[in-house]
file final.tsv (TSV, C-alpha atoms)
chain	number	residue	atom	x	y	z
A	195	MET	CA	-4.38	0.50	6.15
A	196	PRO	CA	-2.17	-1.88	4.12
A	197	GLU	CA	0.97	-0.16	2.86
A	198	LEU	CA	3.27	-0.82	-0.08
A	199	PRO	CA	4.81	-4.14	1.10
A	200	GLU	CA	1.42	-5.64	1.94
A	201	VAL	CA	-0.04	-4.60	-1.43
A	202	GLU	CA	3.06	-5.87	-3.26
A	203	VAL	CA	2.68	-9.27	-1.58
A	204	VAL	CA	-0.88	-9.43	-2.96
A	205	ARG	CA	0.29	-8.26	-6.41
A	206	ARG	CA	2.86	-11.04	-6.59
A	207	GLY	CA	0.21	-13.57	-5.67
A	208	LEU	CA	-2.02	-12.29	-8.47
A	209	ALA	CA	0.90	-12.47	-10.89
A	210	ASP	CA	1.40	-16.13	-9.98
A	211	HIS	CA	-2.23	-17.25	-9.93
A	212	VAL	CA	-4.28	-14.91	-12.14
A	213	VAL	CA	-2.09	-13.38	-14.86
A	214	GLY	CA	-2.39	-15.24	-18.17
A	215	ARG	CA	-5.96	-16.39	-17.52
A	216	THR	CA	-9.22	-15.27	-19.12
A	217	ILE	CA	-12.17	-14.15	-17.02
A	218	GLU	CA	-15.21	-16.22	-17.94
A	219	ARG	CA	-17.61	-14.74	-15.42
A	220	ALA	CA	-17.54	-12.11	-12.67
A	221	GLU	CA	-20.11	-11.73	-9.92
A	222	PHE	CA	-20.44	-8.75	-7.58
A	223	ARG	CA	-22.55	-9.14	-4.48
A	224	GLY	CA	-24.15	-5.95	-3.26
A	225	THR	CA	-23.52	-2.44	-4.54
A	226	ARG	CA	-20.70	-1.18	-2.31
A	227	VAL	CA	-17.99	-3.30	-3.92
A	228	ALA	CA	-18.65	-1.58	-7.29
A	229	ARG	CA	-19.60	1.88	-6.01
A	230	ARG	CA	-16.57	3.45	-7.75
A	231	HIS	CA	-17.84	1.99	-11.05
A	232	LEU	CA	-20.69	4.42	-11.65
A	233	PRO	CA	-22.77	2.26	-14.04
A	234	GLY	CA	-23.05	-0.31	-11.24
A	235	PRO	CA	-22.09	-3.92	-10.47
A	236	ILE	CA	-24.07	-5.61	-13.26
A	237	ASP	CA	-22.39	-3.42	-15.89
A	238	LEU	CA	-18.99	-4.08	-14.35
A	239	ALA	CA	-19.53	-7.84	-14.42
A	240	ASP	CA	-20.72	-7.73	-18.05
A	241	ARG	CA	-17.70	-5.69	-19.14
A	242	LEU	CA	-15.23	-8.08	-17.47
A	243	ALA	CA	-16.46	-11.28	-19.11
A	244	GLY	CA	-14.01	-12.45	-21.77
A	245	ASN	CA	-11.15	-10.20	-20.65
A	246	HIS	CA	-7.64	-11.66	-20.59
A	247	VAL	CA	-5.46	-10.78	-17.60
A	248	GLU	CA	-2.12	-9.57	-18.93
A	249	GLN	CA	-0.46	-8.06	-15.85
A	250	ALA	CA	-0.85	-7.40	-12.14
A	251	ARG	CA	0.59	-3.97	-11.39
A	252	ARG	CA	0.95	-1.64	-8.43
A	253	ARG	CA	1.94	1.93	-7.67
A	254	GLY	CA	2.31	2.71	-4.01
A	255	LYS	CA	-0.76	1.28	-2.28
A	256	TYR	CA	-2.79	1.10	-5.52
A	257	LEU	CA	-3.24	-2.27	-7.22
A	258	TRP	CA	-4.71	-3.09	-10.62
A	259	LEU	CA	-5.00	-5.82	-13.24
A	260	VAL	CA	-4.20	-4.92	-16.84
A	261	LEU	CA	-6.92	-6.51	-18.95
A	262	ARG	CA	-7.07	-7.07	-22.70
A	263	THR	CA	-10.66	-6.92	-23.91
A	264	PRO	CA	-12.05	-9.18	-26.65
A	265	ASP	CA	-11.70	-6.30	-29.14
A	266	GLY	CA	-7.99	-5.94	-28.32
A	267	SER	CA	-8.10	-2.75	-26.24
A	268	ARG	CA	-6.69	-2.55	-22.72
A	269	GLN	CA	-8.19	-1.34	-19.47
A	270	GLY	CA	-7.33	-1.48	-15.79
A	271	LEU	CA	-9.35	-3.16	-13.06
A	272	ILE	CA	-8.42	-1.26	-9.91
A	273	ALA	CA	-8.73	-3.18	-6.64
A	274	HIS	CA	-9.07	-0.86	-3.64
A	275	LEU	CA	-8.23	-2.96	-0.56
A	276	GLY	CA	-9.34	-0.28	1.89
A	277	MET	CA	-8.78	-1.25	5.50
A	278	SER	CA	-9.68	-4.94	5.29
A	279	GLY	CA	-9.94	-6.00	1.64
A	280	GLN	CA	-8.51	-9.39	0.71
A	281	LEU	CA	-7.94	-10.93	-2.71
A	282	LEU	CA	-7.94	-14.69	-2.22
A	283	VAL	CA	-7.30	-17.59	-4.60
A	284	GLU	CA	-9.76	-20.36	-3.71
A	285	ALA	CA	-11.04	-23.62	-5.16
A	286	PRO	CA	-14.48	-23.13	-6.77
A	287	ASP	CA	-16.04	-25.56	-4.29
A	288	ALA	CA	-14.54	-23.88	-1.21
A	289	PRO	CA	-17.14	-22.48	1.21
A	290	ALA	CA	-18.02	-18.84	0.60
A	291	GLU	CA	-16.45	-16.45	3.07
A	292	LYS	CA	-18.78	-14.47	5.34
A	293	HIS	CA	-17.85	-11.13	3.80
A	294	LEU	CA	-17.48	-12.27	0.18
A	295	HIS	CA	-18.22	-9.41	-2.24
A	296	ALA	CA	-16.86	-10.54	-5.62
A	297	VAL	CA	-16.07	-13.83	-7.37
A	298	PHE	CA	-14.13	-14.33	-10.60
A	299	ASP	CA	-14.36	-17.59	-12.55
A	300	PHE	CA	-11.84	-18.29	-15.30
A	301	ALA	CA	-12.09	-20.10	-18.60
A	302	ASP	CA	-9.54	-22.74	-17.54
A	303	ASP	CA	-11.81	-23.99	-14.70
A	304	GLY	CA	-8.97	-23.39	-12.25
A	305	PRO	CA	-9.10	-21.61	-8.89
A	306	GLN	CA	-11.40	-18.64	-8.39
A	307	LEU	CA	-10.30	-15.16	-7.41
A	308	ARG	CA	-12.42	-13.79	-4.55
A	309	PHE	CA	-12.66	-10.34	-3.02
A	310	VAL	CA	-13.46	-10.45	0.68
A	311	ASP	CA	-13.91	-7.28	2.71
A	312	GLN	CA	-15.13	-7.27	6.30
A	313	ARG	CA	-15.36	-3.48	6.68
A	314	THR	CA	-16.53	-2.80	3.10
A	315	PHE	CA	-14.24	0.20	2.56
A	316	GLY	CA	-12.62	-1.47	-0.45
A	317	GLY	CA	-13.98	-2.05	-3.92
A	318	MET	CA	-13.29	-2.46	-7.63
A	319	ALA	CA	-13.61	-0.23	-10.68
A	320	LEU	CA	-12.63	-0.20	-14.35
A	321	ALA	CA	-10.55	2.66	-15.69
A	322	ASP	CA	-8.82	3.74	-18.87
A	323	LEU	CA	-5.03	3.47	-18.89
A	324	THR	CA	-2.54	6.25	-19.55
A	325	PRO	CA	0.17	5.67	-22.20
A	326	GLU	CA	2.37	4.49	-19.31
A	327	GLY	CA	-0.17	1.81	-18.42
A	328	VAL	CA	-1.36	3.47	-15.21
A	329	PRO	CA	-5.11	3.81	-14.58
A	330	GLU	CA	-6.20	7.43	-14.99
A	331	PRO	CA	-7.49	7.71	-11.36
A	332	VAL	CA	-4.01	6.69	-10.16
A	333	ALA	CA	-2.00	8.90	-12.53
A	334	HIS	CA	-1.62	11.72	-9.97
A	335	ILE	CA	0.17	9.37	-7.55
A	336	ALA	CA	3.97	9.67	-7.52
A	337	PRO	CA	6.19	6.68	-8.30
A	338	ASP	CA	7.10	4.62	-5.24
A	339	PRO	CA	10.63	3.72	-4.05
A	340	LEU	CA	10.49	0.26	-5.65
A	341	GLU	CA	9.64	1.51	-9.15
A	342	GLU	CA	12.13	2.12	-11.95
A	343	ALA	CA	10.49	5.52	-12.51
A	344	TYR	CA	11.33	6.59	-8.94
A	345	ASP	CA	13.85	9.47	-8.84
A	346	ARG	CA	15.09	9.90	-5.27
A	347	ALA	CA	17.14	13.02	-6.06
A	348	ALA	CA	14.07	14.73	-7.52
A	349	VAL	CA	12.01	13.82	-4.46
A	350	VAL	CA	14.74	15.20	-2.17
A	351	ARG	CA	14.73	18.50	-4.06
A	352	ARG	CA	10.95	18.81	-3.73
A	353	MET	CA	11.01	17.90	-0.03
A	354	LYS	CA	13.82	20.37	0.70
A	355	GLY	CA	11.67	23.18	-0.67
A	356	LYS	CA	8.76	22.41	1.67
A	357	ASP	CA	8.28	24.02	5.05
A	358	VAL	CA	6.39	20.99	6.40
A	359	ALA	CA	7.13	18.18	8.84
A	360	VAL	CA	9.24	15.45	7.27
A	361	LYS	CA	6.77	12.75	8.28
A	362	ARG	CA	3.94	14.66	6.61
A	363	ALA	CA	6.06	14.79	3.45
A	364	LEU	CA	6.71	11.04	3.61
A	365	LEU	CA	2.96	10.44	3.77
A	366	ASP	CA	2.27	12.78	0.83
A	367	GLN	CA	1.48	10.35	-2.01
A	368	THR	CA	2.07	13.07	-4.61
A	369	LEU	CA	5.72	13.29	-3.50
A	370	VAL	CA	6.51	9.62	-3.02
A	371	SER	CA	3.87	6.91	-2.86
A	372	GLY	CA	3.53	3.78	-0.78
A	373	VAL	CA	4.93	5.06	2.52
A	374	GLY	CA	2.32	4.91	5.29
A	375	ASN	CA	2.38	5.45	9.02
A	376	ILE	CA	4.18	2.21	9.91
A	377	TYR	CA	7.09	2.51	7.52
A	378	ALA	CA	7.43	6.28	7.95
A	379	ASP	CA	8.01	5.77	11.69
A	380	GLU	CA	10.46	2.94	11.01
A	381	ALA	CA	12.41	4.97	8.42
A	382	LEU	CA	12.63	7.99	10.72
A	383	TRP	CA	13.81	5.80	13.62
A	384	ARG	CA	16.56	4.34	11.45
A	385	ALA	CA	17.59	7.80	10.25
A	386	GLN	CA	17.41	9.18	13.83
A	387	VAL	CA	15.16	12.04	12.72
A	388	HIS	CA	12.03	13.22	14.53
A	389	GLY	CA	8.97	13.29	12.30
A	390	GLU	CA	8.16	16.90	13.24
A	391	ARG	CA	11.46	18.21	11.86
A	392	LEU	CA	10.78	20.51	8.92
A	393	CYS	CA	11.97	19.32	5.54
A	394	SER	CA	13.42	22.77	4.88
A	395	SER	CA	15.57	22.49	8.02
A	396	LEU	CA	17.11	19.16	7.04
A	397	THR	CA	20.04	18.75	4.69
A	398	LYS	CA	19.57	17.05	1.37
A	399	PRO	CA	21.79	14.12	2.47
A	400	THR	CA	19.59	13.66	5.55
A	401	LEU	CA	16.43	13.68	3.46
A	402	ALA	CA	18.01	11.20	1.06
A	403	ARG	CA	18.93	8.99	4.04
A	404	VAL	CA	15.34	9.04	5.31
A	405	LEU	CA	14.03	8.05	1.87
A	406	GLU	CA	16.60	5.29	1.51
A	407	HIS	CA	15.69	3.91	4.92
A	408	ALA	CA	12.03	3.92	3.85
A	409	ARG	CA	12.97	1.88	0.80
A	410	GLU	CA	15.10	-0.51	2.83
A	411	VAL	CA	12.53	-1.13	5.54
A	412	MET	CA	9.79	-1.78	2.98
A	413	LEU	CA	12.01	-4.28	1.14
A	414	GLU	CA	12.70	-6.05	4.43
A	415	ALA	CA	8.98	-6.12	5.23
A	416	LEU	CA	8.26	-7.47	1.76
A	417	GLY	CA	10.71	-10.30	2.42
A	418	GLN	CA	8.67	-11.25	5.49
A	419	GLY	CA	5.27	-11.05	3.80
A	420	GLY	CA	4.43	-7.57	5.08
A	421	THR	CA	3.17	-6.44	8.48
A	422	SER	CA	0.06	-8.15	9.84
A	423	PHE	CA	-1.42	-6.89	13.11
A	424	ASP	CA	-4.57	-8.99	12.72
A	425	ALA	CA	-6.04	-11.66	10.45
A	426	LEU	CA	-7.25	-9.08	7.91
A	427	TYR	CA	-3.86	-8.56	6.25
A	428	VAL	CA	-3.10	-11.69	4.24
A	429	ASN	CA	-1.70	-12.79	0.90
A	430	VAL	CA	-3.77	-14.53	-1.79
A	431	ASN	CA	-3.35	-17.85	0.03
A	432	GLY	CA	-4.64	-16.40	3.31
A	433	ALA	CA	-1.25	-16.30	5.07
A	434	SER	CA	-0.26	-13.37	7.30
A	435	GLY	CA	3.05	-11.50	7.17
A	436	TYR	CA	5.29	-11.34	10.22
A	437	PHE	CA	7.34	-8.13	9.89
A	438	ASP	CA	5.54	-6.79	12.98
A	439	ARG	CA	8.08	-8.84	14.97
A	440	SER	CA	10.88	-6.72	13.48
A	441	LEU	CA	9.47	-3.25	14.16
A	442	HIS	CA	11.74	-0.90	16.13
A	443	ALA	CA	9.44	2.10	16.61
A	444	TYR	CA	5.87	1.68	15.38
A	445	GLY	CA	3.64	0.23	18.09
A	446	GLN	CA	6.54	-0.11	20.54
A	447	GLU	CA	5.41	2.49	23.10
A	448	GLY	CA	6.98	1.85	26.51
A	449	ARG	CA	9.52	-0.68	25.21
A	450	PRO	CA	13.28	-0.01	25.23
A	451	CYS	CA	14.73	1.44	22.05
A	452	ASP	CA	16.75	-1.28	20.30
A	453	ARG	CA	19.56	1.23	19.76
A	454	CYS	CA	19.93	3.10	23.09
A	455	GLY	CA	17.50	1.54	25.56
A	456	THR	CA	15.35	4.65	26.11
A	457	LEU	CA	11.64	3.87	26.26
A	458	ILE	CA	9.83	4.46	22.96
A	459	ARG	CA	7.23	7.25	23.13
A	460	ARG	CA	3.92	7.72	21.35
A	461	GLU	CA	2.78	11.15	20.13
A	462	ALA	CA	-0.30	12.37	18.27
A	463	PHE	CA	0.30	13.27	14.62
A	464	MET	CA	-2.27	14.05	11.91
A	465	ASN	CA	-5.09	12.21	13.72
A	466	ARG	CA	-2.93	9.15	14.17
A	467	SER	CA	0.00	8.04	16.34
A	468	SER	CA	3.73	8.46	15.85
A	469	PHE	CA	6.32	6.38	17.65
A	470	SER	CA	9.92	7.47	18.20
A	471	CYS	CA	12.85	7.36	20.59
A	472	PRO	CA	13.21	10.48	22.79
A	473	ARG	CA	16.99	10.16	22.83
A	474	CYS	CA	17.74	9.09	19.25
A	475	GLN	CA	15.05	11.34	17.75
A	476	PRO	CA	14.85	14.52	19.83
A	477	ARG	CA	11.92	16.84	19.15
A	478	PRO	CA	12.76	19.96	17.13
A	479	ARG	CA	13.09	23.18	19.07
A	480	ALA	CA	9.98	25.32	19.08
A	481	ARG	CA	10.17	28.12	16.50
A	482	ARG	CA	9.89	31.64	17.79
A	483	GLY	CA	6.86	33.53	16.60
call {"tool": "encode", "arguments": {"input": "final.tsv", "output": "structure tokens"}}
result
Amino acid sequence: MPELPEVEVVRRGLADHVVGRTIERAEFRGTRVARRHLPGPIDLADRLAGNHVEQARRRGKYLWLVLRTPDGSRQGLIAHLGMSGQLLVEAPDAPAEKHLHAVFDFADDGPQLRFVDQRTFGGMALADLTPEGVPEPVAHIAPDPLEEAYDRAAVVRRMKGKDVAVKRALLDQTLVSGVGNIYADEALWRAQVHGERLCSSLTKPTLARVLEHAREVMLEALGQGGTSFDALYVNVNGASGYFDRSLHAYGQEGRPCDRCGTLIRREAFMNRSSFSCPRCQPRPRARRG
């Protein structure tokens, strides 16, 4: 799944190429792309015509366009990228992609915005906005480490009071959003903390260090266009990120740790894989029953 840096790369592309333009026509191909919009794809297309794109915003892994309707009200068009969704800026006469599900034409006759999704887990939906400008279906998601609303000290206090694994807490989008499996492993490697350590057993400075490393690693990934393991993760121009070349833990099983030389291990965690250094990140001692 794309994580915060990958979604932010797409958001910036939308800000450059889509914000400030007016949607003249939207077309949705098939029903899955609009399945979260209950009235269906035809209704969604009709409601988007004439809307002016004011902003491209993101919270964690959630992305949306702030639209001003012809009557002056505002709404949010949420774009769920799923596992393989791509938002691409293309010339109107460019060949249609094989897995093209939505096309947006604009009143200025400039480039189209296209939604391409090979695995069809993504989609689009309209939603009302909260007073803070966040779509109502996203309002339960906590601010992410790159937002002004993010309060690291408050997150540390909440984590400290939880008797759960620190990696599970990092992945809890109601605590802090945007951190997924890749960047959780990288943050824990940098902090030299095993993901199974309980939040309640860690000091507040240690928890703050883990969160700060998560922020730092995501900023570094953002500077390199995100992490792309295959051709599905691209920006609006179709270019892949290259932060995968800078990963120290995630996906590095059997390779020497860049800090101590011990071979990186892979362990099962929450139906996925965790990667860590056995020496730098020792497993917590088993608790006595």
call {"tool": "atom_distance", "arguments": {"input": "final.tsv", "atom1": "CA of Gly207 (chain A)", "atom2": "CA of Gly445 (chain A)"}}
result
27.7 Å
call {"tool": "residues_around", "arguments": {"input": "final.tsv", "residues": "region 246-259 of chain A", "least_positions_apart": "2", "cutoff": "8 Å", "atoms": "all atoms listed in the file", "output": "MDAnalysis selection string"}}
result
chainID A and resid 196:198 201:202 205:206 208:209 212:217 244 261:264 270:274 329 332 335:338 341 367 371:373
call {"tool": "closest_residue", "arguments": {"input": "final.tsv", "among": "A:Ala415, A:Ala443, A:Ala220, A:Val350", "to": "Ser394 (chain A)", "atoms": "all atoms listed in the file"}}
result
A:Val350
call {"tool": "closest_residue", "arguments": {"input": "final.tsv", "among": "A:Thr400, A:Ser395, A:Gln306, A:Gln446", "to": "Ile458 (chain A)", "atoms": "all atoms listed in the file"}}
result
A:Gln446
call {"tool": "residues_around", "arguments": {"input": "final.tsv", "residues": "Gly279 (chain A)", "least_positions_apart": "2", "cutoff": "9 Å", "atoms": "all atoms listed in the file", "output": "PyMOL selection string"}}
result
chain A and resi 273-277+281+309-317+426-427
call {"tool": "atom_distance", "arguments": {"input": "final.tsv", "atom1": "CA of His211 (chain A)", "atom2": "CA of Gly327 (chain A)"}}
result
21.0 Å
call {"tool": "closest_residue", "arguments": {"input": "final.tsv", "among": "A:Ala333, A:Ser440, A:Leu323, A:Phe222", "to": "His293 (chain A)", "atoms": "all atoms listed in the file"}}
result
A:Phe222
call {"tool": "atom_distance", "arguments": {"input": "final.tsv", "atom1": "CA of Asn375 (chain A)", "atom2": "CA of Arg391 (chain A)"}}
result
15.9 Å
call {"tool": "closest_residue", "arguments": {"input": "final.tsv", "among": "A:Ala243, A:Ala290, A:Val411, A:Leu369", "to": "Glu218 (chain A)", "atoms": "all atoms listed in the file"}}
result
A:Ala243
call {"tool": "closest_residue", "arguments": {"input": "final.tsv", "among": "A:Ile376, A:Ala402, A:Ala480, A:Leu340", "to": "Glu390 (chain A)", "atoms": "all atoms listed in the file"}}
result
A:Ala480
call {"tool": "closest_residue", "arguments": {"input": "final.tsv", "among": "A:Lys356, A:Arg230, A:Arg453, A:Arg346", "to": "Glu406 (chain A)", "atoms": "all atoms listed in the file"}}
result
A:Arg346
call {"tool": "axis_aligned_box", "arguments": {"input": "final.tsv", "around": "region 462-469 of chain A", "padding_each_side": "4 Å", "output": "AutoDock Vina command-line options"}}
result
--center_x 0.6 --center_y 10.2 --center_z 15.1 --size_x 19.4 --size_y 15.7 --size_z 14.4
call {"tool": "residues_near_point", "arguments": {"input": "final.tsv", "point": "(-18.2, -14.1, -6.3)", "cutoff": "6 Å", "atoms": "all atoms listed in the file", "output": "number ranges by chain"}}
result
A: 221-222, 296-298
call {"tool": "residues_around", "arguments": {"input": "final.tsv", "residues": "Gly304 (chain A)", "least_positions_apart": "5", "cutoff": "9 Å", "atoms": "all atoms listed in the file", "output": "list in words"}}
result
Ala285, Pro286 and Asp299 of chain A
call {"tool": "write_last_selection", "arguments": {"input": "final.tsv", "atoms": "C-alpha atoms", "output": "tab-separated table (two decimals), in the frame of the given file"}}
result
chain	number	residue	atom	x	y	z
A	285	ALA	CA	-11.04	-23.62	-5.16
A	286	PRO	CA	-14.48	-23.13	-6.77
A	299	ASP	CA	-14.36	-17.59	-12.55
